[in-house]
>>> print(open('data.tsv').read())   # TSV, C-alpha atoms
chain	number	residue	atom	x	y	z
A	2	MET	CA	42.96	-19.98	8.26
A	3	ASN	CA	42.79	-17.14	10.75
A	4	ILE	CA	40.34	-14.34	10.11
A	5	THR	CA	38.58	-11.66	12.13
A	6	LEU	CA	34.81	-11.80	12.36
A	7	ASN	CA	33.10	-8.72	13.76
A	8	GLY	CA	36.24	-7.75	15.62
A	9	ALA	CA	36.94	-11.17	17.14
A	10	PRO	CA	39.53	-13.72	15.95
A	11	LEU	CA	38.16	-16.85	14.31
A	12	GLN	CA	39.60	-19.96	12.71
A	13	THR	CA	37.85	-21.41	9.69
A	14	GLU	CA	38.67	-23.69	6.83
A	15	ILE	CA	35.77	-22.50	4.69
A	16	GLN	CA	37.02	-20.23	1.94
A	17	ASP	CA	33.79	-19.77	0.04
A	18	LEU	CA	31.92	-16.76	1.52
A	19	ALA	CA	28.43	-18.09	0.79
A	20	ARG	CA	29.23	-21.39	2.54
A	21	PHE	CA	30.87	-19.59	5.44
A	22	LEU	CA	27.81	-17.42	5.96
A	23	ASN	CA	25.50	-20.37	5.68
A	24	SER	CA	27.48	-22.21	8.37
A	25	LEU	CA	27.24	-19.37	10.90
A	26	PHE	CA	24.40	-17.07	9.90
A	27	SER	CA	21.67	-19.28	8.53
A	28	GLU	CA	19.18	-17.83	11.03
A	29	THR	CA	19.19	-14.27	9.80
A	30	ARG	CA	19.58	-12.00	6.82
A	31	VAL	CA	23.00	-10.33	6.82
A	32	ALA	CA	25.06	-7.80	4.90
A	33	VAL	CA	28.80	-8.23	4.54
A	34	ALA	CA	31.95	-6.16	4.21
A	35	ILE	CA	35.45	-7.60	3.87
A	36	ASN	CA	38.40	-5.43	4.86
A	37	GLY	CA	36.14	-2.40	4.90
A	38	SER	CA	34.69	-2.96	1.42
A	39	PHE	CA	31.05	-3.86	0.89
A	40	VAL	CA	30.36	-7.25	-0.72
A	41	PRO	CA	26.98	-7.30	-2.54
A	42	ARG	CA	24.73	-10.26	-1.87
A	43	ALA	CA	24.99	-11.31	-5.51
A	44	GLN	CA	28.75	-11.71	-5.04
A	45	PHE	CA	28.58	-14.00	-2.00
A	46	GLU	CA	28.91	-17.13	-4.13
A	47	HIS	CA	31.83	-15.74	-6.09
A	48	THR	CA	33.84	-14.39	-3.14
A	49	GLN	CA	36.68	-16.17	-1.37
A	50	ILE	CA	37.85	-15.53	2.17
A	51	HIS	CA	41.60	-15.24	2.66
A	52	GLU	CA	43.97	-15.52	5.59
A	53	GLY	CA	43.90	-12.36	7.68
A	54	ASP	CA	40.63	-11.01	6.22
A	55	GLU	CA	38.49	-8.83	8.44
A	56	LEU	CA	34.80	-9.61	8.00
A	57	GLU	CA	31.94	-7.44	9.17
A	58	VAL	CA	28.61	-9.28	9.16
A	59	LEU	CA	25.70	-7.02	10.03
A	60	SER	CA	22.01	-7.61	10.56
A	61	PRO	CA	18.97	-5.36	11.09
A	62	MET	CA	18.59	-3.63	14.43
A	63	GLN	CA	16.61	-0.85	16.05
A	64	GLY	CA	17.72	2.67	15.17
A	65	GLY	CA	16.78	6.31	15.53
B	10	MET	CA	0.31	14.65	0.77
B	11	PHE	CA	3.93	14.64	1.75
B	12	LYS	CA	6.43	13.70	-0.96
B	13	LEU	CA	9.87	12.29	-0.24
B	14	GLY	CA	11.82	11.31	-3.31
B	15	GLU	CA	9.38	9.43	-5.51
B	16	LYS	CA	7.04	8.39	-2.69
B	17	SER	CA	4.03	10.11	-1.11
B	18	PHE	CA	2.85	9.89	2.49
B	19	HIS	CA	-0.04	11.06	4.65
B	20	SER	CA	1.85	11.10	7.92
B	21	ARG	CA	4.59	13.69	8.46
B	22	LEU	CA	6.00	11.89	11.47
B	23	LEU	CA	9.08	9.73	11.05
B	24	LEU	CA	9.65	7.51	14.06
B	25	GLY	CA	12.71	5.71	15.37
B	26	THR	CA	12.58	2.08	16.49
B	27	ALA	CA	15.18	2.20	19.30
B	28	LEU	CA	14.99	2.43	23.09
B	29	TYR	CA	11.45	1.10	23.63
B	30	PRO	CA	10.77	-0.94	26.77
B	31	SER	CA	9.80	-3.95	24.64
B	32	PRO	CA	9.29	-4.96	20.99
B	33	GLN	CA	5.52	-5.04	21.55
B	34	ILE	CA	5.46	-1.49	22.89
B	35	MET	CA	7.55	-0.41	19.90
B	36	MET	CA	5.03	-2.00	17.56
B	37	ASP	CA	2.07	-0.45	19.38
B	38	ALA	CA	3.72	2.99	19.43
B	39	ILE	CA	4.48	2.85	15.71
B	40	GLN	CA	0.88	1.95	14.97
B	41	ALA	CA	-0.52	4.59	17.35
B	42	SER	CA	1.65	7.26	15.74
B	43	GLY	CA	0.24	6.58	12.28
B	44	THR	CA	3.76	6.93	10.89
B	45	GLN	CA	4.51	5.48	7.50
B	46	ILE	CA	8.30	5.72	7.85
B	47	VAL	CA	10.48	4.21	10.57
B	48	THR	CA	14.22	4.42	11.02
B	49	VAL	CA	16.31	1.30	11.48
B	50	SER	CA	19.98	0.48	11.80
B	51	LEU	CA	22.56	-2.31	11.48
B	52	ARG	CA	24.65	-4.12	14.02
B	53	ARG	CA	27.19	-6.87	14.21
B	54	GLN	CA	25.36	-10.18	14.13
B	55	ALA	CA	26.42	-12.88	16.56
B	56	PRO	CA	26.70	-16.32	14.88
B	57	GLN	CA	23.80	-18.77	15.21
B	58	GLN	CA	21.38	-16.22	16.61
B	59	ALA	CA	18.32	-14.75	15.02
B	60	GLY	CA	17.98	-11.45	16.90
B	61	GLY	CA	18.31	-9.27	13.82
B	62	GLN	CA	15.92	-11.38	11.82
B	63	LYS	CA	13.22	-11.24	14.51
B	64	PHE	CA	13.37	-7.47	14.58
B	65	TRP	CA	13.28	-7.28	10.79
B	66	ASP	CA	10.27	-9.62	10.62
B	67	LEU	CA	8.41	-7.36	13.09
B	68	ILE	CA	9.14	-4.23	11.08
B	69	ARG	CA	8.17	-5.86	7.81
B	70	SER	CA	4.84	-6.91	9.29
B	71	LEU	CA	3.99	-3.23	9.79
B	72	LYS	CA	4.12	-2.50	6.03
B	73	VAL	CA	5.87	0.81	6.58
B	74	GLU	CA	8.76	2.38	4.70
B	75	VAL	CA	12.15	1.89	6.35
B	76	LEU	CA	14.86	4.50	6.51
B	77	PRO	CA	18.17	2.86	7.52
B	78	ASN	CA	20.72	5.06	9.26
B	79	THR	CA	24.49	5.09	9.39
B	80	ALA	CA	24.58	5.81	13.12
B	81	GLY	CA	27.97	5.54	14.75
B	82	CYS	CA	29.95	6.32	11.60
B	83	HIS	CA	32.73	8.85	12.03
B	84	SER	CA	34.35	8.72	8.60
B	85	VAL	CA	33.18	9.01	5.02
B	86	GLN	CA	34.37	5.50	4.22
B	87	GLU	CA	32.51	3.97	7.18
B	88	ALA	CA	29.32	5.83	6.30
B	89	VAL	CA	29.46	4.89	2.62
B	90	THR	CA	30.14	1.21	3.35
B	91	THR	CA	27.39	1.12	5.99
B	92	ALA	CA	24.94	2.71	3.55
B	93	GLN	CA	25.81	0.12	0.92
B	94	MET	CA	25.29	-2.68	3.44
B	95	ALA	CA	21.99	-1.14	4.53
B	96	ARG	CA	20.76	-1.00	0.93
B	97	ASP	CA	21.59	-4.68	0.54
B	98	LEU	CA	20.00	-5.65	3.84
B	99	PHE	CA	16.82	-3.58	3.78
B	100	GLU	CA	16.34	-3.46	0.00
B	101	THR	CA	15.89	0.30	-0.15
B	102	ASN	CA	17.98	3.07	-1.67
B	103	TRP	CA	16.97	5.40	1.16
B	104	VAL	CA	19.58	6.22	3.76
B	105	LYS	CA	19.64	8.54	6.74
B	106	LEU	CA	23.23	9.64	6.42
B	107	GLU	CA	25.01	10.31	9.69
B	108	VAL	CA	28.68	11.21	9.80
B	109	ILE	CA	29.46	12.18	13.37
B	110	GLY	CA	32.09	14.85	13.87
B	111	ASP	CA	32.12	15.24	17.63
B	112	GLU	CA	31.64	12.48	20.16
B	113	TYR	CA	30.58	14.84	22.93
B	114	ASN	CA	27.40	16.18	21.36
B	115	LEU	CA	27.18	13.82	18.36
B	116	GLN	CA	27.31	16.84	16.07
B	117	PRO	CA	27.36	15.97	12.37
B	118	ASP	CA	30.66	16.50	10.55
B	119	PRO	CA	29.57	18.85	7.76
B	120	PHE	CA	32.63	18.23	5.59
B	121	GLY	CA	32.46	14.45	5.76
B	122	LEU	CA	28.70	14.58	5.36
B	123	VAL	CA	28.87	16.48	2.07
B	124	GLU	CA	31.57	14.18	0.74
B	125	ALA	CA	29.71	11.01	1.72
B	126	ALA	CA	26.44	12.40	0.32
B	127	ARG	CA	28.10	13.13	-3.02
B	128	THR	CA	29.40	9.56	-3.27
B	129	LEU	CA	26.09	7.98	-2.28
B	130	VAL	CA	23.96	10.13	-4.59
B	131	GLN	CA	26.25	9.10	-7.45
B	132	GLN	CA	25.59	5.48	-6.47
B	133	GLY	CA	21.83	5.96	-6.70
B	134	PHE	CA	20.94	6.52	-3.06
B	135	GLU	CA	18.17	8.84	-1.86
B	136	VAL	CA	20.20	10.53	0.82
B	137	PHE	CA	18.48	11.97	3.89
B	138	PRO	CA	21.40	13.84	5.46
B	139	TYR	CA	21.31	14.40	9.21
B	140	CYS	CA	22.93	17.83	9.31
B	141	THR	CA	23.37	20.90	11.45
B	142	ASP	CA	21.18	23.93	10.84
B	143	ASP	CA	23.92	25.78	8.94
B	144	LEU	CA	22.45	27.26	5.76
B	145	VAL	CA	25.62	26.93	3.69
B	146	VAL	CA	26.10	23.28	4.65
B	147	CYS	CA	22.49	22.65	3.62
B	148	GLN	CA	23.11	24.39	0.30
B	149	ARG	CA	26.24	22.29	-0.28
B	150	LEU	CA	24.24	19.12	0.43
B	151	LEU	CA	21.67	20.17	-2.15
B	152	GLY	CA	24.53	20.96	-4.52
B	153	VAL	CA	25.80	17.38	-4.40
B	154	GLY	CA	22.36	16.00	-5.16
B	155	CYS	CA	20.46	15.64	-1.88
B	156	ARG	CA	16.74	16.29	-2.38
B	157	ILE	CA	15.75	16.19	1.30
B	158	LEU	CA	17.41	17.77	4.33
B	159	MET	CA	17.21	16.75	7.98
B	160	PRO	CA	18.64	19.56	10.12
B	161	TRP	CA	18.91	19.06	13.86
B	162	GLY	CA	16.91	21.05	16.36
B	163	SER	CA	19.41	20.20	19.10
B	164	PRO	CA	21.80	17.29	19.77
B	165	ILE	CA	20.46	13.72	19.59
B	166	GLY	CA	18.55	12.61	22.65
B	167	THR	CA	18.68	15.94	24.49
B	168	GLY	CA	14.99	16.80	24.19
B	169	LEU	CA	15.86	20.50	24.03
B	170	GLY	CA	13.80	21.22	20.92
B	171	ILE	CA	14.76	23.90	18.42
B	172	LEU	CA	17.66	25.75	20.06
B	173	ASN	CA	18.26	28.19	17.22
B	174	LEU	CA	14.87	29.37	16.11
B	175	TYR	CA	16.34	32.07	13.88
B	176	GLN	CA	18.38	29.51	11.97
B	177	ALA	CA	15.43	27.12	11.68
B	178	ARG	CA	13.40	29.96	10.18
B	179	VAL	CA	16.19	30.97	7.80
B	180	LEU	CA	16.45	27.43	6.46
B	181	ARG	CA	12.73	27.35	5.72
B	182	GLU	CA	12.74	30.78	4.07
B	183	ARG	CA	15.86	30.22	1.97
B	184	LEU	CA	15.16	26.61	0.96
B	185	GLU	CA	11.53	27.11	0.12
B	186	ASN	CA	10.97	24.07	-2.07
B	187	VAL	CA	13.18	21.52	-0.31
B	188	PRO	CA	11.54	18.97	2.00
B	189	LEU	CA	12.85	19.83	5.48
B	190	ILE	CA	12.54	17.31	8.28
B	191	LEU	CA	13.47	18.36	11.78
B	192	ASP	CA	15.65	15.56	13.10
B	193	ALA	CA	17.03	15.18	16.58
B	194	GLY	CA	16.59	16.97	19.87
B	195	VAL	CA	12.81	16.85	19.90
B	196	GLY	CA	11.58	16.37	23.47
B	197	LYS	CA	7.94	17.44	23.53
B	198	PRO	CA	5.02	17.46	21.12
B	199	SER	CA	5.14	21.27	21.26
B	200	HIS	CA	8.67	21.15	19.77
B	201	ALA	CA	7.33	19.15	16.85
B	202	ALA	CA	4.35	21.49	16.47
B	203	GLN	CA	6.72	24.46	16.44
B	204	ALA	CA	8.71	22.99	13.56
B	205	MET	CA	5.54	22.34	11.62
B	206	GLU	CA	4.26	25.86	12.31
B	207	LEU	CA	7.51	27.15	10.81
B	208	GLY	CA	6.65	25.26	7.66
B	209	TYR	CA	8.86	22.23	8.06
B	210	ASP	CA	7.62	19.24	6.09
B	211	GLY	CA	8.07	16.62	8.78
B	212	VAL	CA	9.64	15.66	12.08
B	213	LEU	CA	11.83	12.66	12.91
B	214	LEU	CA	12.06	11.60	16.53
B	215	ASN	CA	12.69	8.56	18.66
B	216	THR	CA	13.73	9.10	22.27
B	217	ALA	CA	10.87	11.43	23.17
B	218	VAL	CA	8.39	8.65	22.42
B	219	ALA	CA	10.39	5.55	23.31
B	220	GLN	CA	11.62	6.80	26.68
B	221	SER	CA	8.37	8.42	27.81
B	222	GLN	CA	6.36	6.75	30.53
B	223	ASP	CA	3.72	5.69	28.03
B	224	PRO	CA	5.25	5.45	24.55
B	225	VAL	CA	1.98	4.51	22.88
B	226	ALA	CA	0.13	7.56	24.24
B	227	MET	CA	3.12	9.79	23.51
B	228	ALA	CA	3.23	8.55	19.92
B	229	ARG	CA	-0.38	9.67	19.55
B	230	ALA	CA	0.42	13.02	21.16
B	231	PHE	CA	3.21	13.65	18.65
B	232	ALA	CA	1.00	12.68	15.75
B	233	MET	CA	-1.63	15.19	16.89
B	234	ALA	CA	0.96	17.92	17.48
B	235	ILE	CA	2.43	17.46	14.03
B	236	ASP	CA	-1.02	17.60	12.45
B	237	ALA	CA	-1.88	20.70	14.48
B	238	GLY	CA	1.33	22.45	13.51
B	239	ARG	CA	0.86	21.62	9.85
B	240	VAL	CA	-2.73	22.85	9.76
B	241	ALA	CA	-1.71	26.00	11.63
B	242	HIS	CA	1.03	26.69	9.09
B	243	GLN	CA	-1.40	26.27	6.23
B	244	ALA	CA	-4.00	28.44	7.97
B	245	GLY	CA	-1.53	31.33	8.19
B	246	LEU	CA	-0.25	32.39	11.59
B	247	ILE	CA	-0.58	36.00	12.62
B	248	PRO	CA	2.65	37.97	12.91
B	249	ALA	CA	3.84	38.45	16.49
B	250	ARG	CA	3.89	42.05	17.76
B	251	ASP	CA	5.28	43.78	20.81
B	252	LEU	CA	2.34	46.03	21.67
B	253	ALA	CA	-1.15	45.04	22.74
B	254	LYS	CA	-3.98	45.38	20.28
B	255	PRO	CA	-7.59	44.94	21.45
B	256	SER	CA	-9.38	41.91	20.15
B	257	THR	CA	-12.77	43.18	21.26
B	258	PRO	CA	-14.13	45.85	18.86
B	259	VAL	CA	-14.05	49.35	20.38
B	260	THR	CA	-17.03	50.61	18.40
B	261	GLY	CA	-19.97	50.98	20.76
B	262	THR	CA	-17.84	50.91	23.89
B	263	PRO	CA	-20.15	51.61	26.84
B	264	PHE	CA	-20.10	55.08	28.42
B	265	TRP	CA	-18.09	54.07	31.45
B	266	HIS	CA	-15.11	53.36	29.17
B	267	GLN	CA	-15.28	56.71	27.44
B	268	LYS	CA	-13.06	59.52	28.51
B	269	ALA	CA	-14.64	62.80	29.57
>>> encode(input="data.tsv", output="structure tokens")
Amino acid sequence: MNITLNGAPLQTEIQDLARFLNSLFSETRVAVAINGSFVPRAQFEHTQIHEGDELEVLSPMQGG
Amino acid sequence: MFKLGEKSFHSRLLLGTALYPSPQIMMDAIQASGTQIVTVSLRRQAPQQAGGQKFWDLIRSLKVEVLPNTAGCHSVQEAVTTAQMARDLFETNWVKLEVIGDEYNLQPDPFGLVEAARTLVQQGFEVFPYCTDDLVVCQRLLGVGCRILMPWGSPIGTGLGILNLYQARVLRERLENVPLILDAGVGKPSHAAQAMELGYDGVLLNTAVAQSQDPVAMARAFAMAIDAGRVAHQAGLIPARDLAKPSTPVTGTPFWHQKA
């Protein structure tokens, strides 16, 4: 399955969002949007990733 | 005490966390400033790295309130989604709402800002809108449910201070009971003191501290300036006048000052 993760193409076979995040982002707390729509943390386990989805995975950073 | 939403604070300085020479200097500057509120942001997280988490652990260790921003957003949809992600990430309903309308001077888009603020207030956010100093835009923001306003003094990072003093004064006079925080463009402690003398409730700044030669000392300088400006406002400043008026009493003036 081809998806876009933070603007870059990525191939994955993991459809379950929670598992996908755990495989790549176990080191940090993240917030997620799929195709421009926010996905609440409580929905991670009930959300599936589909072919062509665009994922934004954000973490805390410095800001003004 | 300084009330923002449902929370009260001693410090009227809100400090950004970006652009410091090192994480340790950022931590020391935050502590030296006495601030109780720091701004933070979100970025794309690279897989298998813990950069974001390390920063978040540092901030949490300070036990200060965090105000996430929507920096870099140019549309209502981007700003709303970023705010929702920030609420999830930082576990706060506070958001410094930025909807940028012009890339050249990073001027807020007043139309998008009002629209995004309306949506976010309806979703339970405490919206701190980063806005221009236009009175009507500020009134519209209040109209859609904002309880705090953060008008700019000058464009972000310029250090020019309050460019339109008349407008800054008008906002304070017309929006008497609304917490006003001067946000952006502050370059010197005297700029912050000026805002406080005008009766602003607080000042938000970042670059002026982080990019100074000694951020920790500069953080202290801003804290003192903000305190001085606040006390001066409460003490009641004298009105400015064009003509001189003697401060030394004229009664009993010695003979050599008396006209024949």
>>> interface_residues(input="data.tsv", of="chain A", to="chain B", cutoff="6 Å", atoms="only C-alpha atoms", output="JSON, numbers by chain")
{"A": [25, 26, 28, 29, 32, 39, 58, 59, 60, 61, 62, 63, 64, 65]}
>>> residues_around(input="data.tsv", residues="Pro138 of chain B", least_positions_apart="4", cutoff="7 Å", atoms="all atoms listed in the file", output="list of chain:residue names")
B:Lys105, B:Leu106, B:Glu107, B:Leu158, B:Met159
>>> write_last_selection(input="data.tsv", atoms="C-alpha atoms", output="mmCIF file, in the coordinates of the input")
data_model
loop_
_atom_site.group_PDB
_atom_site.id
_atom_site.type_symbol
_atom_site.label_atom_id
_atom_site.label_comp_id
_atom_site.auth_asym_id
_atom_site.auth_seq_id
_atom_site.Cartn_x
_atom_site.Cartn_y
_atom_site.Cartn_z
ATOM 1 C CA LYS B 105 19.640 8.540 6.740
ATOM 2 C CA LEU B 106 23.230 9.640 6.420
ATOM 3 C CA GLU B 107 25.010 10.310 9.690
ATOM 4 C CA LEU B 158 17.410 17.770 4.330
ATOM 5 C CA MET B 159 17.210 16.750 7.980
#
>>> residues_around(input="data.tsv", residues="Lys12 of chain B", least_positions_apart="4", cutoff="12 Å", atoms="all atoms listed in the file", output="mmCIF file with C-alpha atoms, keeping the file's coordinate frame")
data_model
loop_
_atom_site.group_PDB
_atom_site.id
_atom_site.type_symbol
_atom_site.label_atom_id
_atom_site.label_comp_id
_atom_site.auth_asym_id
_atom_site.auth_seq_id
_atom_site.Cartn_x
_atom_site.Cartn_y
_atom_site.Cartn_z
ATOM 1 C CA LYS B 16 7.040 8.390 -2.690
ATOM 2 C CA SER B 17 4.030 10.110 -1.110
ATOM 3 C CA PHE B 18 2.850 9.890 2.490
ATOM 4 C CA HIS B 19 -0.040 11.060 4.650
ATOM 5 C CA SER B 20 1.850 11.100 7.920
ATOM 6 C CA ARG B 21 4.590 13.690 8.460
ATOM 7 C CA GLN B 45 4.510 5.480 7.500
ATOM 8 C CA ARG B 156 16.740 16.290 -2.380
ATOM 9 C CA ILE B 157 15.750 16.190 1.300
ATOM 10 C CA ASN B 186 10.970 24.070 -2.070
ATOM 11 C CA VAL B 187 13.180 21.520 -0.310
ATOM 12 C CA PRO B 188 11.540 18.970 2.000
ATOM 13 C CA LEU B 189 12.850 19.830 5.480
ATOM 14 C CA ILE B 190 12.540 17.310 8.280
ATOM 15 C CA ASP B 210 7.620 19.240 6.090
ATOM 16 C CA GLY B 211 8.070 16.620 8.780
#
>>> closest_residue(input="data.tsv", among="B:Met10, B:Ala201, B:Thr128, B:Glu100", to="Arg30 of chain A", atoms="all atoms listed in the file")
B:Glu100
>>> atom_distance(input="data.tsv", atom1="atom CA of Pro119 of chain B", atom2="atom CA of Val75 of chain B")
24.4 Å
>>> atom_distance(input="data.tsv", atom1="atom CA of Ser221 of chain B", atom2="atom CA of Leu22 of chain B")
16.9 Å
>>> residues_around(input="data.tsv", residues="Glu182 of chain B", least_positions_apart="6", cutoff="12 Å", atoms="all atoms listed in the file", output="PDB file with C-alpha atoms, in the frame of the given file")
ATOM      1  CA  LEU B 144      22.450  27.260   5.760  1.00  0.00           C
ATOM      2  CA  TYR B 175      16.340  32.070  13.880  1.00  0.00           C
ATOM      3  CA  GLN B 176      18.380  29.510  11.970  1.00  0.00           C
ATOM      4  CA  LEU B 189      12.850  19.830   5.480  1.00  0.00           C
ATOM      5  CA  LEU B 207       7.510  27.150  10.810  1.00  0.00           C
ATOM      6  CA  GLY B 208       6.650  25.260   7.660  1.00  0.00           C
ATOM      7  CA  TYR B 209       8.860  22.230   8.060  1.00  0.00           C
TER       8      TYR B 209
END
>>> axis_aligned_box(input="data.tsv", around="segment 46-65 of chain A", padding_each_side="6 Å", output="JSON")
{"center_x": 30.3, "center_y": -5.4, "center_z": 5.0, "size_x": 39.4, "size_y": 35.4, "size_z": 34.1}
>>> atom_distance(input="data.tsv", atom1="atom CA of Asp142 of chain B", atom2="atom CA of Gly14 of chain B")
21.1 Å
>>> closest_residue(input="data.tsv", among="A:Leu11, A:Val31, A:Leu18, A:Leu56", to="Gln44 of chain A", atoms="all atoms listed in the file")
A:Leu18
>>> residues_around(input="data.tsv", residues="Gly53 of chain A", least_positions_apart="6", cutoff="8 Å", atoms="all atoms listed in the file", output="MDAnalysis selection string")
chainID A and resid 2:5
>>> closest_residue(input="data.tsv", among="A:Asn7, A:Glu46, A:Glu57, A:Val40", to="Asn23 of chain A", atoms="all atoms listed in the file")
A:Glu46
>>> residues_around(input="data.tsv", residues="Ile35 of chain A", least_positions_apart="2", cutoff="6 Å", atoms="all atoms listed in the file", output="PyMOL selection string")
chain A and resi 37-38+55-56
>>> closest_residue(input="data.tsv", among="B:Ser256, B:Thr167, B:Gln148, B:Gln203", to="Ala241 of chain B", atoms="only C-alpha atoms")
B:Gln203
>>> decode(input="data.tsv", residues="segment 147-160 of chain B", atoms="N, CA, C and O atoms", output="CSV table (one decimal), in the first residue's frame")
chain,number,residue,atom,x,y,z
B,147,CYS,N,-10.6,43.4,16.0
B,147,CYS,CA,-10.6,42.9,17.4
B,147,CYS,C,-12.0,42.8,17.9
B,147,CYS,O,-12.3,41.8,18.6
B,148,GLN,N,-12.9,43.7,17.5
B,148,GLN,CA,-14.3,43.6,18.0
B,148,GLN,C,-14.9,42.3,17.4
B,148,GLN,O,-15.7,41.7,18.0
B,149,ARG,N,-14.6,42.1,16.1
B,149,ARG,CA,-15.2,40.9,15.4
B,149,ARG,C,-14.7,39.6,16.2
B,149,ARG,O,-15.5,38.6,16.3
B,150,LEU,N,-13.4,39.6,16.6
B,150,LEU,CA,-12.9,38.4,17.3
B,150,LEU,C,-13.6,38.2,18.6
B,150,LEU,O,-14.0,37.1,19.0
B,151,LEU,N,-13.9,39.3,19.3
B,151,LEU,CA,-14.7,39.2,20.5
B,151,LEU,C,-16.1,38.7,20.2
B,151,LEU,O,-16.7,37.9,21.0
B,152,GLY,N,-16.6,39.2,19.1
B,152,GLY,CA,-18.0,38.8,18.7
B,152,GLY,C,-18.1,37.3,18.5
B,152,GLY,O,-19.2,36.8,18.7
B,153,VAL,N,-17.1,36.7,18.0
B,153,VAL,CA,-17.2,35.2,17.8
B,153,VAL,C,-16.8,34.4,19.0
B,153,VAL,O,-16.7,33.2,18.9
B,154,GLY,N,-16.5,35.1,20.1
B,154,GLY,CA,-16.3,34.3,21.3
B,154,GLY,C,-14.9,34.4,21.9
B,154,GLY,O,-14.6,33.7,22.9
B,155,CYS,N,-13.9,35.1,21.3
B,155,CYS,CA,-12.6,35.2,21.9
B,155,CYS,C,-12.7,36.0,23.2
B,155,CYS,O,-13.5,37.0,23.2
B,156,ARG,N,-12.0,35.6,24.2
B,156,ARG,CA,-12.0,36.4,25.5
B,156,ARG,C,-10.7,37.1,25.7
B,156,ARG,O,-10.5,37.8,26.7
B,157,ILE,N,-9.7,36.9,24.9
B,157,ILE,CA,-8.4,37.4,25.0
B,157,ILE,C,-8.0,37.9,23.6
B,157,ILE,O,-8.3,37.2,22.6
B,158,LEU,N,-7.2,39.0,23.5
B,158,LEU,CA,-6.7,39.4,22.2
B,158,LEU,C,-5.2,39.6,22.3
B,158,LEU,O,-4.7,40.1,23.3
B,159,MET,N,-4.6,39.3,21.2
B,159,MET,CA,-3.1,39.5,21.1
B,159,MET,C,-2.7,40.3,19.9
B,159,MET,O,-2.2,39.7,18.9
B,160,PRO,N,-2.9,41.6,19.9
B,160,PRO,CA,-2.6,42.4,18.8
B,160,PRO,C,-1.0,42.6,18.6
B,160,PRO,O,-0.3,42.6,19.6
